[in-house]
Amino acid sequence: MADPIIYGPAYSTYVRTARLAHEEKGVSYKLVEVDLFKGETNSPAHLARHPFGKIPAYEHDGFALYETGAITRYVDEAFAGPKLQPQDLRQRARMNQVMGVIDSYAYAPMVQKVVIQRLVVPLMGGQSDTAIIGEAMPAVDKACAALEVLIGGNPFFAGTTLSLADLHAIPVFGYFAATPEAARVFASNPNLKRWWGAVAGMASVQRTAPKLG
Ligand SMILES: N[C@@H](CCC(=O)N[C@@H](CS)C(=O)NCC(=O)O)C(=O)O
């Protein structure tokens, strides 16, 4: 059986989540570069894989899939290896809730606004727009305050073991932690700070670390 294929660039947060799922399961995969910044996500070939022109797209043995949460749940259930979805109903509900919070409330202000302005725009020779960052920060604070409550005193978002929720959150925090805004956000959210301090050192997280620039 051929290795599964993840289509997308290594710098994408959602691509990294899909990669982390394979890494944690111990499943080898092929990463096929589709560069967002070169407009390749809107090429006919990519739109055939993902009609919304997003990344990642995925293929396993003739089965095509998109949407990161669907991909990571599939990977967890299709392959042997450590279970990344809790058996316990409520822990699994918490995992799904956190994945939804990242998608709906955290990703846009944290990545599309603060990370793009702080890390990507300067790399492309521009200047960070502090007005965009300032406008995004109330939404960042709200999302992080909610995640702070959801993780509580647990080591991971769904409880005592790593789950897909952590893999959804890691790439977002991986970039956000490198912005100047992170110090204050982590100071206000000690549970998130403790969580990030622990997961940042995981081998899979190190192996998938994006190289910007
Ligand atoms: N709902 C999608 C979101 C994926 C997504 O937004 N990916 C970003 C990159 S991390 C993207 O494709 N951005 C390009 C765009 O929005 O045009 C999923 O869960 O896979």
# chains A, B, ... in the order shown; residues from 1 in each chain; ligands from 1
>>> closest_atom_pairs(of="chain A", to="ligand 1", cutoff="10 Å", atoms="only C-alpha atoms and all ligand atoms", output="CSV")
residue,atom,partner,partner_atom_place_in_ligand_line,distance
A:Gly8,CA,ligand 1,9 (C),8.3
A:Pro9,CA,ligand 1,9 (C),8.6
A:Ala10,CA,ligand 1,10 (S),9.6
A:Tyr11,CA,ligand 1,10 (S),7.9
A:Ser12,CA,ligand 1,10 (S),4.2
A:Thr13,CA,ligand 1,10 (S),4.4
A:Tyr14,CA,ligand 1,10 (S),4.5
A:Val15,CA,ligand 1,10 (S),6.5
A:Arg16,CA,ligand 1,10 (S),8.3
A:Thr17,CA,ligand 1,20 (O),9.3
A:Ala18,CA,ligand 1,20 (O),8.9
A:Asp35,CA,ligand 1,14 (C),9.7
A:Leu36,CA,ligand 1,14 (C),6.3
A:Phe37,CA,ligand 1,14 (C),8.9
A:Gly39,CA,ligand 1,17 (O),9.0
A:Thr41,CA,ligand 1,14 (C),7.4
A:Asn42,CA,ligand 1,17 (O),8.5
A:His50,CA,ligand 1,20 (O),9.5
A:Phe52,CA,ligand 1,17 (O),8.2
A:Gly53,CA,ligand 1,17 (O),6.3
A:Lys54,CA,ligand 1,12 (O),3.2
A:Ile55,CA,ligand 1,12 (O),4.0
A:Pro56,CA,ligand 1,20 (O),5.7
A:Ala57,CA,ligand 1,20 (O),7.6
A:Tyr58,CA,ligand 1,20 (O),9.9
A:Leu65,CA,ligand 1,20 (O),9.8
A:Tyr66,CA,ligand 1,20 (O),6.2
A:Glu67,CA,ligand 1,20 (O),3.6
A:Thr68,CA,ligand 1,20 (O),3.9
A:Gly69,CA,ligand 1,19 (O),5.8
A:Ala70,CA,ligand 1,19 (O),7.8
A:Ile71,CA,ligand 1,20 (O),8.3
A:Thr72,CA,ligand 1,19 (O),9.8
A:Met99,CA,ligand 1,19 (O),9.4
A:Gly100,CA,ligand 1,19 (O),9.6
A:Ile102,CA,ligand 1,19 (O),9.9
A:Asp103,CA,ligand 1,19 (O),7.0
A:Ser104,CA,ligand 1,1 (N),9.2
A:Tyr107,CA,ligand 1,6 (O),8.3
A:Ala108,CA,ligand 1,6 (O),8.7
A:Val111,CA,ligand 1,10 (S),8.3
A:Gln112,CA,ligand 1,13 (N),8.7
A:His168,CA,ligand 1,19 (O),9.3
A:Pro171,CA,ligand 1,10 (S),9.1
A:Val172,CA,ligand 1,10 (S),9.1
>>> select_by_dssp(residues="range 29-203 of chain A", states="alpha helix (DSSP H)", output="number ranges by chain")
A: 44-49, 68-78, 89-101, 107, 121-123, 130-151, 164-176, 182-188, 190-199, 203
>>> closest_residue(among="A:Phe157, A:Leu20, A:Gly174, A:Ala198", to="Arg90 in chain A", atoms="only C-alpha atoms")
A:Phe157
>>> closest_residue(among="A:Val199, A:Ala2, A:Ala183, A:Val34", to="Thr161 in chain A", atoms="only C-alpha atoms")
A:Val199
>>> select_by_dssp(residues="range 10-79 of chain A", states="strand (DSSP E)", output="PyMOL selection string")
chain A and resi 30-32+57-60+63-66
>>> write_last_selection(atoms="N, CA and C atoms", output="PDB file, in the first residue's frame")
ATOM      1  N   LYS A  30       3.959  11.080   2.531  1.00  0.00           N
ATOM      2  CA  LYS A  30       4.688  11.915   1.579  1.00  0.00           C
ATOM      3  C   LYS A  30       4.083  13.320   1.649  1.00  0.00           C
ATOM      4  N   LEU A  31       4.945  14.301   1.729  1.00  0.00           N
ATOM      5  CA  LEU A  31       4.477  15.691   1.714  1.00  0.00           C
ATOM      6  C   LEU A  31       4.726  16.253   0.321  1.00  0.00           C
ATOM      7  N   VAL A  32       3.647  16.609  -0.371  1.00  0.00           N
ATOM      8  CA  VAL A  32       3.786  17.182  -1.714  1.00  0.00           C
ATOM      9  C   VAL A  32       3.541  18.689  -1.619  1.00  0.00           C
ATOM     10  N   ALA A  57      -4.722  19.060   1.449  1.00  0.00           N
ATOM     11  CA  ALA A  57      -5.564  18.033   0.844  1.00  0.00           C
ATOM     12  C   ALA A  57      -4.837  16.710   1.112  1.00  0.00           C
ATOM     13  N   TYR A  58      -5.559  15.610   0.972  1.00  0.00           N
ATOM     14  CA  TYR A  58      -5.009  14.335   1.445  1.00  0.00           C
ATOM     15  C   TYR A  58      -5.449  13.200   0.536  1.00  0.00           C
ATOM     16  N   GLU A  59      -4.590  12.215   0.415  1.00  0.00           N
ATOM     17  CA  GLU A  59      -4.956  11.019  -0.357  1.00  0.00           C
ATOM     18  C   GLU A  59      -4.318   9.784   0.264  1.00  0.00           C
ATOM     19  N   HIS A  60      -5.118   8.755   0.442  1.00  0.00           N
ATOM     20  CA  HIS A  60      -4.590   7.496   0.950  1.00  0.00           C
ATOM     21  C   HIS A  60      -5.161   6.348   0.134  1.00  0.00           C
ATOM     22  N   PHE A  63      -8.185   7.062  -1.783  1.00  0.00           N
ATOM     23  CA  PHE A  63      -9.244   7.760  -1.030  1.00  0.00           C
ATOM     24  C   PHE A  63      -8.805   9.205  -0.807  1.00  0.00           C
ATOM     25  N   ALA A  64      -9.591  10.142  -1.348  1.00  0.00           N
ATOM     26  CA  ALA A  64      -9.233  11.565  -1.249  1.00  0.00           C
ATOM     27  C   ALA A  64     -10.067  12.225  -0.162  1.00  0.00           C
ATOM     28  N   LEU A  65      -9.426  13.147   0.558  1.00  0.00           N
ATOM     29  CA  LEU A  65     -10.079  13.764   1.717  1.00  0.00           C
ATOM     30  C   LEU A  65      -9.542  15.174   1.884  1.00  0.00           C
ATOM     31  N   TYR A  66     -10.373  16.076   2.345  1.00  0.00           N
ATOM     32  CA  TYR A  66      -9.886  17.374   2.830  1.00  0.00           C
ATOM     33  C   TYR A  66     -10.671  17.748   4.068  1.00  0.00           C
TER      34      TYR A  66
END
>>> residues_around(residues="Leu162 in chain A", least_positions_apart="2", cutoff="10 Å", atoms="only C-alpha atoms", output="PyMOL selection string")
chain A and resi 24+82-86+95+155-160+164-167+199
>>> closest_residue(among="A:Asp141, A:Asp129, A:Asp88, A:Asp3", to="Tyr105 in chain A", atoms="only C-alpha atoms")
A:Asp141
>>> closest_residue(among="A:Glu23, A:Lys193, A:Pro138, A:Cys144", to="Phe79 in chain A", atoms="only C-alpha atoms")
A:Glu23
>>> residues_around(residues="range 116-127 of chain A", least_positions_apart="3", cutoff="8 Å", atoms="only C-alpha atoms", output="ChimeraX atom specification")
/A:111-113,130,132-133,179,212-213
>>> write_last_selection(atoms="N, CA, C and O atoms", output="PDB file, in the first residue's frame")
ATOM      1  N   VAL A 111      -3.345  33.466  13.882  1.00  0.00           N
ATOM      2  CA  VAL A 111      -2.455  33.173  12.745  1.00  0.00           C
ATOM      3  C   VAL A 111      -2.661  34.185  11.621  1.00  0.00           C
ATOM      4  O   VAL A 111      -1.712  34.850  11.193  1.00  0.00           O
ATOM      5  N   GLN A 112      -3.905  34.284  11.153  1.00  0.00           N
ATOM      6  CA  GLN A 112      -4.126  35.138   9.965  1.00  0.00           C
ATOM      7  C   GLN A 112      -3.863  36.611  10.252  1.00  0.00           C
ATOM      8  O   GLN A 112      -3.565  37.368   9.335  1.00  0.00           O
ATOM      9  N   LYS A 113      -3.999  37.028  11.509  1.00  0.00           N
ATOM     10  CA  LYS A 113      -3.749  38.442  11.841  1.00  0.00           C
ATOM     11  C   LYS A 113      -2.377  38.603  12.512  1.00  0.00           C
ATOM     12  O   LYS A 113      -1.455  39.145  11.917  1.00  0.00           O
ATOM     13  N   THR A 130       0.507  47.434  13.020  1.00  0.00           N
ATOM     14  CA  THR A 130       0.138  47.272  14.434  1.00  0.00           C
ATOM     15  C   THR A 130      -1.357  47.514  14.657  1.00  0.00           C
ATOM     16  O   THR A 130      -1.913  47.038  15.645  1.00  0.00           O
ATOM     17  N   ILE A 132      -3.723  46.299  12.709  1.00  0.00           N
ATOM     18  CA  ILE A 132      -4.348  44.969  12.499  1.00  0.00           C
ATOM     19  C   ILE A 132      -4.136  44.100  13.737  1.00  0.00           C
ATOM     20  O   ILE A 132      -5.044  43.415  14.213  1.00  0.00           O
ATOM     21  N   ILE A 133      -2.921  44.166  14.283  1.00  0.00           N
ATOM     22  CA  ILE A 133      -2.623  43.354  15.478  1.00  0.00           C
ATOM     23  C   ILE A 133      -3.490  43.806  16.649  1.00  0.00           C
ATOM     24  O   ILE A 133      -4.102  42.984  17.343  1.00  0.00           O
ATOM     25  N   THR A 179       5.752  35.453  18.626  1.00  0.00           N
ATOM     26  CA  THR A 179       5.403  36.877  18.460  1.00  0.00           C
ATOM     27  C   THR A 179       5.576  37.598  19.796  1.00  0.00           C
ATOM     28  O   THR A 179       5.501  36.976  20.866  1.00  0.00           O
ATOM     29  N   LEU A 212      10.532  29.295   8.456  1.00  0.00           N
ATOM     30  CA  LEU A 212      10.075  30.495   7.747  1.00  0.00           C
ATOM     31  C   LEU A 212      11.306  31.227   7.244  1.00  0.00           C
ATOM     32  O   LEU A 212      12.280  31.377   7.959  1.00  0.00           O
ATOM     33  N   GLY A 213      11.233  31.698   6.012  1.00  0.00           N
ATOM     34  CA  GLY A 213      12.350  32.513   5.499  1.00  0.00           C
ATOM     35  C   GLY A 213      13.427  31.721   4.833  1.00  0.00           C
ATOM     36  O   GLY A 213      13.392  30.531   4.728  1.00  0.00           O
TER      37      GLY A 213
END
>>> atom_distance(atom1="CA of Leu150 in chain A", atom2="CA of Gln91 in chain A")
10.9 Å
>>> closest_residue(among="A:Val98, A:Met110, A:Leu89, A:Ile170", to="Val149 in chain A", atoms="only C-alpha atoms")
A:Val98
